[in-house]
file start07.tsv (TSV, C-alpha atoms)
chain	number	residue	atom	x	y	z
A	148	MET	CA	7.54	-14.38	6.52
A	149	LYS	CA	7.30	-16.52	9.63
A	150	HIS	CA	8.00	-13.93	12.33
A	151	SER	CA	5.90	-14.33	15.45
A	152	ILE	CA	6.09	-13.94	19.24
A	153	THR	CA	3.95	-15.01	22.18
A	154	LEU	CA	2.58	-12.13	24.27
A	155	SER	CA	2.22	-12.07	28.05
A	156	SER	CA	-1.49	-12.90	27.56
A	157	GLY	CA	-0.52	-16.11	25.75
A	158	GLU	CA	-1.82	-14.73	22.46
A	159	ILE	CA	0.45	-14.84	19.42
A	160	ALA	CA	1.51	-11.79	17.41
A	161	ARG	CA	2.31	-12.60	13.77
A	162	ILE	CA	3.78	-10.51	10.98
A	163	ARG	CA	2.15	-10.54	7.54
A	164	GLU	CA	1.99	-8.24	4.54
A	165	ALA	CA	-1.00	-5.88	4.30
A	166	VAL	CA	-3.60	-6.73	1.64
A	167	LYS	CA	-6.29	-4.57	0.02
A	168	SER	CA	-9.02	-5.88	2.30
A	169	ASP	CA	-7.14	-4.44	5.33
A	170	ALA	CA	-7.90	-0.87	4.15
A	171	THR	CA	-10.90	-0.22	6.43
A	172	SER	CA	-9.26	-1.69	9.57
A	173	LEU	CA	-6.04	0.23	8.82
A	174	ILE	CA	-7.87	3.58	8.66
A	175	THR	CA	-9.52	2.83	12.02
A	176	TYR	CA	-6.18	1.69	13.44
A	177	VAL	CA	-4.24	4.78	12.32
A	178	ASN	CA	-6.88	7.17	13.64
A	179	GLN	CA	-6.75	5.38	16.99
A	180	VAL	CA	-2.96	5.26	17.47
A	181	GLY	CA	-2.73	8.92	16.38
A	182	GLY	CA	-4.59	9.76	19.59
A	183	GLU	CA	-2.39	7.56	21.78
A	184	SER	CA	1.01	9.18	21.24
A	185	ASP	CA	2.51	12.64	20.89
A	186	PHE	CA	5.51	11.23	19.03
A	187	LEU	CA	3.73	10.72	15.70
A	188	THR	CA	3.36	12.97	12.66
A	189	PHE	CA	-0.43	12.82	12.96
A	190	GLY	CA	-3.01	13.07	15.73
A	191	GLY	CA	-6.16	11.10	16.57
A	192	GLY	CA	-8.77	11.27	13.78
A	193	GLU	CA	-6.42	13.26	11.51
A	194	PHE	CA	-5.95	10.47	8.97
A	195	SER	CA	-8.52	11.33	6.33
A	196	LYS	CA	-7.89	8.87	3.51
A	197	THR	CA	-10.85	7.05	1.97
A	198	VAL	CA	-10.98	3.24	1.86
A	199	GLU	CA	-10.22	3.40	-1.90
A	200	GLU	CA	-7.15	5.63	-1.34
A	201	GLU	CA	-5.84	3.40	1.45
A	202	ALA	CA	-6.41	0.27	-0.68
A	203	ALA	CA	-4.43	1.91	-3.51
A	204	ILE	CA	-1.53	2.65	-1.12
A	205	ILE	CA	-1.52	-0.99	0.04
A	206	GLU	CA	-1.44	-2.17	-3.59
A	207	GLU	CA	1.46	0.21	-4.41
A	208	HIS	CA	3.42	-1.31	-1.53
A	209	ARG	CA	2.66	-4.86	-2.73
A	210	PHE	CA	3.67	-4.22	-6.33
A	211	ALA	CA	6.69	-1.94	-5.93
A	212	LEU	CA	9.77	-4.11	-5.42
A	213	ASN	CA	11.33	-1.61	-3.01
A	214	ARG	CA	8.34	-1.03	-0.71
A	215	VAL	CA	6.63	-3.14	1.91
A	216	PHE	CA	3.66	-2.76	4.26
A	217	LEU	CA	3.82	-5.04	7.32
A	218	ILE	CA	1.10	-5.74	9.86
A	219	ALA	CA	1.59	-7.30	13.31
A	220	GLU	CA	-1.67	-9.12	13.93
A	221	VAL	CA	-2.99	-10.49	17.23
A	222	GLY	CA	-6.11	-12.66	16.99
A	223	GLY	CA	-7.35	-10.91	13.85
A	224	GLU	CA	-6.67	-7.43	15.27
A	225	ILE	CA	-4.01	-4.99	14.01
A	226	ALA	CA	-1.55	-4.52	16.90
A	227	GLY	CA	1.11	-2.60	14.96
A	228	ILE	CA	2.21	-1.62	11.46
A	229	LEU	CA	5.44	-0.73	9.68
A	230	ASN	CA	5.63	0.54	6.13
A	231	VAL	CA	8.68	1.23	4.01
A	232	ASN	CA	8.31	3.84	1.30
A	233	ALA	CA	10.73	4.28	-1.59
A	234	GLY	CA	10.76	6.17	-4.86
A	235	ALA	CA	11.13	5.02	-8.47
A	236	LYS	CA	13.96	7.38	-9.52
A	237	LYS	CA	17.07	5.37	-10.48
A	238	ARG	CA	19.37	7.49	-8.32
A	239	LEU	CA	17.10	7.21	-5.24
A	240	GLN	CA	15.32	3.86	-5.50
A	241	HIS	CA	17.82	2.20	-3.09
A	242	ILE	CA	16.56	4.39	-0.18
A	243	GLY	CA	13.67	3.18	1.94
A	244	THR	CA	12.04	5.40	4.57
A	245	PHE	CA	9.83	3.81	7.16
A	246	GLY	CA	7.23	4.59	9.76
A	247	ILE	CA	6.18	2.31	12.61
A	248	THR	CA	3.37	2.39	15.16
A	249	VAL	CA	2.12	0.01	17.84
A	250	GLN	CA	-1.27	0.14	19.57
A	251	LYS	CA	-0.87	1.41	23.12
A	252	LYS	CA	-2.37	-1.68	24.74
A	253	TYR	CA	0.43	-3.73	23.18
A	254	TRP	CA	3.31	-1.46	24.22
A	255	GLY	CA	6.17	-3.22	26.00
A	256	GLU	CA	5.34	-6.64	24.51
A	257	GLY	CA	8.08	-6.68	21.84
A	258	ILE	CA	5.84	-5.94	18.87
A	259	GLY	CA	8.07	-3.01	17.78
A	260	SER	CA	11.09	-5.36	17.74
A	261	LEU	CA	9.07	-8.00	15.87
A	262	LEU	CA	8.19	-5.48	13.17
A	263	MET	CA	11.77	-4.15	12.99
A	264	GLU	CA	13.23	-7.64	12.57
A	265	ALA	CA	10.76	-8.52	9.81
A	266	MET	CA	11.57	-5.25	8.04
A	267	ILE	CA	15.35	-5.74	8.26
A	268	ASP	CA	15.06	-9.34	6.99
A	269	TRP	CA	12.97	-8.04	4.10
A	270	ALA	CA	15.51	-5.27	3.35
A	271	LYS	CA	18.49	-7.65	3.42
A	272	ALA	CA	16.76	-9.98	0.97
A	273	ASN	CA	15.68	-7.09	-1.26
A	274	PRO	CA	17.61	-6.59	-4.53
A	275	ILE	CA	17.18	-2.77	-4.57
A	276	ILE	CA	17.24	-1.42	-0.99
A	277	ARG	CA	20.73	-0.38	0.27
A	278	LYS	CA	19.79	2.21	2.90
A	279	ILE	CA	16.97	2.66	5.39
A	280	ASN	CA	16.18	6.11	6.78
A	281	LEU	CA	13.91	7.22	9.59
A	282	GLU	CA	13.15	10.30	11.66
A	283	VAL	CA	12.48	10.10	15.39
A	284	LEU	CA	11.80	12.87	17.88
A	285	THR	CA	14.86	13.59	20.04
A	286	ASP	CA	12.70	13.28	23.19
A	287	ASN	CA	11.52	9.74	22.44
A	288	PRO	CA	14.24	7.63	24.12
A	289	SER	CA	12.46	4.27	23.86
A	290	ALA	CA	12.06	4.57	20.09
A	291	ILE	CA	15.69	5.75	19.73
A	292	ALA	CA	16.86	2.75	21.79
A	293	LEU	CA	14.81	0.39	19.60
A	294	TYR	CA	16.38	1.76	16.41
A	295	LYS	CA	19.92	1.68	17.85
A	296	LYS	CA	19.36	-1.96	18.89
A	297	TYR	CA	18.92	-2.76	15.19
A	298	GLY	CA	22.02	-0.85	14.07
A	299	PHE	CA	20.57	2.52	13.10
A	300	GLU	CA	22.99	5.43	13.58
A	301	ILE	CA	22.18	9.11	14.15
A	302	GLU	CA	23.11	11.07	11.00
A	303	GLY	CA	21.80	14.47	12.03
A	304	THR	CA	19.49	16.58	14.18
A	305	VAL	CA	16.71	18.17	12.16
A	306	ARG	CA	15.31	21.32	13.73
A	307	ARG	CA	11.57	22.04	13.96
A	308	SER	CA	10.57	18.74	12.45
A	309	LEU	CA	7.27	18.64	14.34
A	310	PHE	CA	4.80	21.24	15.63
A	311	LEU	CA	2.45	20.20	18.41
A	312	ASN	CA	0.61	22.07	21.18
A	313	GLY	CA	2.23	25.36	20.12
A	314	LYS	CA	5.77	23.97	20.34
A	315	PHE	CA	8.39	22.85	17.81
A	316	SER	CA	10.31	19.61	18.38
A	317	ASP	CA	13.58	18.44	16.82
A	318	SER	CA	14.18	14.99	15.44
A	319	TYR	CA	17.12	12.74	14.75
A	320	ALA	CA	17.69	11.56	11.21
A	321	MET	CA	18.82	7.95	11.64
A	322	GLY	CA	20.09	5.57	8.98
A	323	LEU	CA	21.02	1.92	8.48
A	324	LEU	CA	23.22	0.66	5.63
A	325	ILE	CA	22.00	-2.59	4.04
A	326	ASP	CA	24.76	-4.74	2.48
B	35	MET	CA	6.96	39.25	-7.03
B	36	LYS	CA	9.24	41.77	-8.69
B	37	HIS	CA	12.58	39.99	-8.54
B	38	SER	CA	14.78	40.42	-11.62
B	39	ILE	CA	18.46	40.77	-12.66
B	40	THR	CA	20.30	41.78	-15.82
B	41	LEU	CA	22.52	39.05	-17.28
B	42	SER	CA	25.95	39.56	-18.90
B	43	SER	CA	24.20	39.34	-22.30
B	44	GLY	CA	22.02	42.34	-21.39
B	45	GLU	CA	18.94	40.12	-21.19
B	46	ILE	CA	16.76	40.25	-18.10
B	47	ALA	CA	15.95	37.25	-15.89
B	48	ARG	CA	12.64	37.56	-14.07
B	49	ILE	CA	10.98	35.44	-11.39
B	50	ARG	CA	7.33	34.48	-11.75
B	51	GLU	CA	5.08	31.71	-10.48
B	52	ALA	CA	4.57	28.68	-12.73
B	53	VAL	CA	1.14	28.38	-14.37
B	54	LYS	CA	-0.60	25.37	-15.93
B	55	SER	CA	0.40	26.33	-19.46
B	56	ASP	CA	4.09	25.97	-18.48
B	57	ALA	CA	3.66	22.18	-18.16
B	58	THR	CA	5.05	21.22	-21.59
B	59	SER	CA	8.07	23.56	-21.40
B	60	LEU	CA	8.80	22.41	-17.84
B	61	ILE	CA	8.95	18.73	-18.86
B	62	THR	CA	11.39	19.62	-21.68
B	63	TYR	CA	13.40	21.80	-19.27
B	64	VAL	CA	13.70	19.13	-16.55
B	65	ASN	CA	14.76	16.43	-19.01
B	66	GLN	CA	17.43	18.77	-20.35
B	67	VAL	CA	18.95	19.90	-17.03
B	68	GLY	CA	18.93	16.28	-15.80
B	69	GLY	CA	21.57	15.58	-18.47
B	70	GLU	CA	23.67	18.62	-17.56
B	71	SER	CA	24.56	17.82	-13.94
B	72	ASP	CA	25.53	14.82	-11.81
B	73	PHE	CA	24.34	16.59	-8.66
B	74	LEU	CA	20.62	16.04	-9.27
B	75	THR	CA	18.26	13.27	-8.18
B	76	PHE	CA	17.38	12.54	-11.83
B	77	GLY	CA	19.26	12.14	-15.12
B	78	GLY	CA	18.62	13.41	-18.64
B	79	GLY	CA	15.36	12.07	-20.09
B	80	GLU	CA	14.41	10.39	-16.80
B	81	PHE	CA	11.50	12.70	-15.99
B	82	SER	CA	8.52	10.78	-17.29
B	83	LYS	CA	5.50	12.80	-16.19
B	84	THR	CA	2.75	13.51	-18.72
B	85	VAL	CA	1.65	17.09	-19.49
B	86	GLU	CA	-1.55	16.45	-17.50
B	87	GLU	CA	0.40	15.19	-14.46
B	88	GLU	CA	2.83	18.13	-14.58
B	89	ALA	CA	-0.08	20.59	-14.95
B	90	ALA	CA	-1.71	19.01	-11.88
B	91	ILE	CA	1.52	19.46	-9.88
B	92	ILE	CA	1.70	23.13	-10.90
B	93	GLU	CA	-1.92	23.63	-9.82
B	94	GLU	CA	-1.26	21.94	-6.44
B	95	HIS	CA	1.60	24.40	-5.87
B	96	ARG	CA	-0.62	27.35	-6.80
B	97	PHE	CA	-3.48	26.36	-4.54
B	98	ALA	CA	-1.67	25.00	-1.48
B	99	LEU	CA	-0.86	27.93	0.81
B	100	ASN	CA	2.45	26.36	1.90
B	101	ARG	CA	3.84	25.48	-1.55
B	102	VAL	CA	5.24	27.54	-4.38
B	103	PHE	CA	6.66	26.84	-7.86
B	104	LEU	CA	8.96	29.60	-9.15
B	105	ILE	CA	10.35	30.04	-12.67
B	106	ALA	CA	13.30	32.26	-13.63
B	107	GLU	CA	12.47	33.31	-17.18
B	108	VAL	CA	14.80	34.87	-19.77
B	109	GLY	CA	13.13	36.10	-22.97
B	110	GLY	CA	10.31	33.57	-22.74
B	111	GLU	CA	12.68	30.69	-21.95
B	112	ILE	CA	12.89	28.80	-18.64
B	113	ALA	CA	16.39	29.48	-17.25
B	114	GLY	CA	15.85	27.95	-13.80
B	115	ILE	CA	13.19	26.66	-11.43
B	116	LEU	CA	12.68	26.31	-7.69
B	117	ASN	CA	9.77	24.53	-6.08
B	118	VAL	CA	8.85	24.26	-2.44
B	119	ASN	CA	6.89	21.20	-1.40
B	120	ALA	CA	5.05	20.86	1.88
B	121	GLY	CA	2.50	18.48	3.34
B	122	ALA	CA	-1.00	19.01	4.71
B	123	LYS	CA	-0.56	17.27	8.09
B	124	LYS	CA	-1.05	19.78	10.94
B	125	ARG	CA	2.15	18.70	12.73
B	126	LEU	CA	4.27	18.97	9.54
B	127	GLN	CA	2.67	21.69	7.39
B	128	HIS	CA	5.21	24.31	8.59
B	129	ILE	CA	8.07	22.44	6.84
B	130	GLY	CA	8.89	23.26	3.23
B	131	THR	CA	11.39	21.19	1.22
B	132	PHE	CA	12.75	22.63	-1.97
B	133	GLY	CA	14.60	21.69	-5.11
B	134	ILE	CA	16.37	24.12	-7.45
B	135	THR	CA	17.93	23.79	-10.91
B	136	VAL	CA	19.46	26.25	-13.40
B	137	GLN	CA	20.10	25.56	-17.10
B	138	LYS	CA	23.82	25.07	-17.69
B	139	LYS	CA	24.13	27.93	-20.19
B	140	TYR	CA	22.98	30.32	-17.42
B	141	TRP	CA	25.33	29.03	-14.70
B	142	GLY	CA	27.41	31.76	-12.98
B	143	GLU	CA	24.92	34.52	-13.84
B	144	GLY	CA	23.24	34.78	-10.42
B	145	ILE	CA	20.01	32.99	-11.35
B	146	GLY	CA	20.39	30.58	-8.41
B	147	SER	CA	20.63	33.54	-6.02
B	148	LEU	CA	17.66	35.22	-7.71
B	149	LEU	CA	15.52	32.12	-7.17
B	150	MET	CA	16.74	31.72	-3.56
B	151	GLU	CA	15.90	35.34	-2.69
B	152	ALA	CA	12.44	35.07	-4.20
B	153	MET	CA	11.84	31.83	-2.27
B	154	ILE	CA	13.02	33.28	1.05
B	155	ASP	CA	10.87	36.40	0.58
B	156	TRP	CA	7.92	34.12	-0.15
B	157	ALA	CA	8.64	32.00	2.94
B	158	LYS	CA	8.97	35.01	5.26
B	159	ALA	CA	5.62	36.36	4.06
B	160	ASN	CA	3.98	32.94	4.32
B	161	PRO	CA	1.63	32.37	7.31
B	162	ILE	CA	2.43	28.63	7.62
B	163	ILE	CA	6.08	27.99	6.70
B	164	ARG	CA	8.51	28.09	9.70
B	165	LYS	CA	11.31	25.85	8.40
B	166	ILE	CA	12.91	25.17	5.02
B	167	ASN	CA	14.83	21.92	4.44
B	168	LEU	CA	17.04	20.81	1.57
B	169	GLU	CA	19.49	18.06	0.73
B	170	VAL	CA	22.70	18.74	-1.19
B	171	LEU	CA	25.51	16.35	-2.16
B	172	THR	CA	28.56	16.82	0.07
B	173	ASP	CA	30.79	17.14	-3.04
B	174	ASN	CA	28.85	20.08	-4.51
B	175	PRO	CA	30.67	23.08	-2.93
B	176	SER	CA	29.08	25.80	-5.09
B	177	ALA	CA	25.56	24.74	-4.14
B	178	ILE	CA	26.55	24.43	-0.46
B	179	ALA	CA	28.05	27.96	-0.60
B	180	LEU	CA	24.85	29.31	-2.17
B	181	TYR	CA	22.70	27.82	0.60
B	182	LYS	CA	25.04	29.03	3.37
B	183	LYS	CA	24.92	32.55	1.87
B	184	TYR	CA	21.18	32.54	2.55
B	185	GLY	CA	21.52	31.30	6.13
B	186	PHE	CA	21.06	27.56	5.73
B	187	GLU	CA	22.91	25.45	8.31
B	188	ILE	CA	24.11	21.87	8.03
B	189	GLU	CA	21.97	19.68	10.31
B	190	GLY	CA	23.39	16.28	9.34
B	191	THR	CA	25.22	14.09	6.86
B	192	VAL	CA	22.95	11.53	5.26
B	193	ARG	CA	24.79	8.43	3.98
B	194	ARG	CA	24.07	6.85	0.58
B	195	SER	CA	21.59	9.53	-0.42
B	196	LEU	CA	22.35	9.13	-4.15
B	197	PHE	CA	23.46	6.25	-6.40
B	198	LEU	CA	25.10	7.16	-9.70
B	199	ASN	CA	27.57	5.41	-11.99
B	200	GLY	CA	27.92	2.50	-9.57
B	201	LYS	CA	28.77	4.74	-6.59
B	202	PHE	CA	26.93	6.00	-3.52
B	203	SER	CA	27.20	9.67	-2.50
B	204	ASP	CA	26.42	11.30	0.83
B	205	SER	CA	24.46	14.51	1.24
B	206	TYR	CA	24.12	17.25	3.80
B	207	ALA	CA	20.70	17.88	5.30
B	208	MET	CA	20.53	21.69	5.56
B	209	GLY	CA	17.86	23.79	7.20
B	210	LEU	CA	16.74	27.41	7.58
B	211	LEU	CA	14.46	28.65	10.37
B	212	ILE	CA	11.82	31.15	9.21
B	213	ASP	CA	10.62	33.61	11.89
call {"tool": "encode", "arguments": {"input": "start07.tsv", "output": "structure tokens"}}
result
Amino acid sequence: MKHSITLSSGEIARIREAVKSDATSLITYVNQVGGESDFLTFGGGEFSKTVEEEAAIIEEHRFALNRVFLIAEVGGEIAGILNVNAGAKKRLQHIGTFGITVQKKYWGEGIGSLLMEAMIDWAKANPIIRKINLEVLTDNPSAIALYKKYGFEIEGTVRRSLFLNGKFSDSYAMGLLID
Amino acid sequence: MKHSITLSSGEIARIREAVKSDATSLITYVNQVGGESDFLTFGGGEFSKTVEEEAAIIEEHRFALNRVFLIAEVGGEIAGILNVNAGAKKRLQHIGTFGITVQKKYWGEGIGSLLMEAMIDWAKANPIIRKINLEVLTDNPSAIALYKKYGFEIEGTVRRSLFLNGKFSDSYAMGLLID
């Protein structure tokens, strides 16, 4: 993958696949971004995987044909991640579900779009994936706009899909056909 | 749980929680029902878990407060199963997702309803669960009718949610609020 962009600082953000040795930095990263947004399924410090567990997840994504774990890197630092999960069942293996996060200090720099484009290129070249699903909170217009920009359509409104600060939130189920 | 019904044969179907020693019979059961229906996410003989893995899944359901694994038993035989899965993340732990199957020879005897009632009673008494989700193929009217009977509402239509015999099928995302 050769995806990259130049940020307003002049630094370059590049997409690459995650490797085992990223495990420690990824745990730190996820625990940090969890505290920076109320739109995620986890909060700051709530990600409790060990380095060995995280390394095993990275390896599963590398070896399963229908999964991928992408990192947007800026000067050796993780600026954002996107990982596509998929199952092994024959009837379901064509469905990828992804999650994406970007570090707050890089918001508005196009790193979300960079990750989305790399993911869609990967999916189109993939021999198994024929559908990508995601869930996004209905009150997160910038994320919804990002997904629509890349062709995702709203397929439903899932009630009570998140509980935070004593309140339930709904989410949109969005999907993209890959042909 | 005291849920039971009398079948047309005079035999009694009873609901109980799965225990570790059910692992072998459950693997046989799942591989059989997979071959009896085109509405499931797996086919006959496609369930490849070992006895140890299946026993571990049963134990996870017994020990996690927000999960349950129910068996409808007829004279020592497994006639149907229903299991509710749920995660541990604080923002998502209130959401249970379930799957249900009934052996073909017991279809039309009310075992699906028996399992649904036991599950809903369990959910209402549960301190964590506040939402139940399921997915059902849009061309499976009897299952859709069963879920509607118990208050489930259609929240969306998910495209390409199953691939079988060279064809994609859509499914409804259905949900039930638990208060």
call {"tool": "residues_near_point", "arguments": {"input": "start07.tsv", "point": "(25.9, 28.8, -6.4)", "cutoff": "9 Å", "atoms": "all atoms listed in the file", "output": "number ranges by chain"}}
result
B: 141-142, 144-147, 175-181
call {"tool": "interface_residues", "arguments": {"input": "start07.tsv", "of": "chain B", "to": "chain A", "cutoff": "12 Å", "atoms": "all atoms listed in the file", "output": "compact mmCIF listing (two decimals) with C-alpha atoms, keeping the file's coordinate frame"}}
result
# COMPACT_ATOMS: atom_id res chain seq x y z
CA GLY B 68 18.93 16.28 -15.80
CA ASP B 72 25.53 14.82 -11.81
CA PHE B 73 24.34 16.59 -8.66
CA LEU B 74 20.62 16.04 -9.27
CA THR B 75 18.26 13.27 -8.18
CA PHE B 76 17.38 12.54 -11.83
CA GLY B 77 19.26 12.14 -15.12
CA GLY B 78 18.62 13.41 -18.64
CA GLY B 79 15.36 12.07 -20.09
CA GLU B 80 14.41 10.39 -16.80
CA PHE B 81 11.50 12.70 -15.99
CA SER B 82 8.52 10.78 -17.29
CA GLY B 121 2.50 18.48 3.34
CA ALA B 122 -1.00 19.01 4.71
CA LYS B 123 -0.56 17.27 8.09
CA LYS B 124 -1.05 19.78 10.94
CA ARG B 125 2.15 18.70 12.73
CA LEU B 126 4.27 18.97 9.54
CA GLN B 127 2.67 21.69 7.39
CA HIS B 128 5.21 24.31 8.59
CA ILE B 129 8.07 22.44 6.84
CA GLY B 130 8.89 23.26 3.23
CA THR B 131 11.39 21.19 1.22
CA ILE B 162 2.43 28.63 7.62
CA ILE B 163 6.08 27.99 6.70
CA ARG B 164 8.51 28.09 9.70
CA LYS B 165 11.31 25.85 8.40
CA ILE B 166 12.91 25.17 5.02
CA ASN B 167 14.83 21.92 4.44
CA LEU B 168 17.04 20.81 1.57
CA GLU B 169 19.49 18.06 0.73
CA PHE B 186 21.06 27.56 5.73
CA GLU B 187 22.91 25.45 8.31
CA ILE B 188 24.11 21.87 8.03
CA GLU B 189 21.97 19.68 10.31
CA GLY B 190 23.39 16.28 9.34
CA THR B 191 25.22 14.09 6.86
CA VAL B 192 22.95 11.53 5.26
CA ARG B 193 24.79 8.43 3.98
CA ARG B 194 24.07 6.85 0.58
CA SER B 195 21.59 9.53 -0.42
CA LEU B 196 22.35 9.13 -4.15
CA PHE B 197 23.46 6.25 -6.40
CA LEU B 198 25.10 7.16 -9.70
CA ASN B 199 27.57 5.41 -11.99
CA GLY B 200 27.92 2.50 -9.57
CA LYS B 201 28.77 4.74 -6.59
CA PHE B 202 26.93 6.00 -3.52
CA SER B 203 27.20 9.67 -2.50
CA ASP B 204 26.42 11.30 0.83
CA SER B 205 24.46 14.51 1.24
CA TYR B 206 24.12 17.25 3.80
CA ALA B 207 20.70 17.88 5.30
CA MET B 208 20.53 21.69 5.56
CA GLY B 209 17.86 23.79 7.20
CA LEU B 210 16.74 27.41 7.58
CA LEU B 211 14.46 28.65 10.37
CA ILE B 212 11.82 31.15 9.21
CA ASP B 213 10.62 33.61 11.89
call {"tool": "closest_residue", "arguments": {"input": "start07.tsv", "among": "A:Asn232, A:Ser151, A:Thr197, A:Asn273", "to": "Thr175 (chain A)", "atoms": "only C-alpha atoms"}}
result
A:Thr197
call {"tool": "residues_around", "arguments": {"input": "start07.tsv", "residues": "Gly114 (chain B)", "least_positions_apart": "4", "cutoff": "8 Å", "atoms": "all atoms listed in the file", "output": "PyMOL selection string"}}
result
chain B and resi 105-107+134-137+145-146+149
call {"tool": "residues_around", "arguments": {"input": "start07.tsv", "residues": "Glu158 (chain A)", "least_positions_apart": "5", "cutoff": "12 Å", "atoms": "all atoms listed in the file", "output": "list in words"}}
result
Ser151, Ile152, Thr153, Glu220, Val221, Gly222, Gly223, Glu224, Ala226, Tyr253 and Glu256 of chain A
call {"tool": "residues_around", "arguments": {"input": "start07.tsv", "residues": "Leu217 (chain A)", "least_positions_apart": "5", "cutoff": "8 Å", "atoms": "only C-alpha atoms", "output": "PyMOL selection string"}}
result
chain A and resi 162-165+228-230+262+266
call {"tool": "atom_distance", "arguments": {"input": "start07.tsv", "atom1": "CA of His150 (chain A)", "atom2": "CA of Ala265 (chain A)"}}
result
6.6 Å
call {"tool": "atom_distance", "arguments": {"input": "start07.tsv", "atom1": "CA of Lys83 (chain B)", "atom2": "CA of Asn65 (chain B)"}}
result
10.3 Å
call {"tool": "atom_distance", "arguments": {"input": "start07.tsv", "atom1": "CA of Ala233 (chain A)", "atom2": "CA of Glu206 (chain A)"}}
result
13.9 Å
call {"tool": "closest_residue", "arguments": {"input": "start07.tsv", "among": "A:Glu199, A:Asp268, A:Glu183, A:Asp286", "to": "Val215 (chain A)", "atoms": "only C-alpha atoms"}}
result
A:Asp268
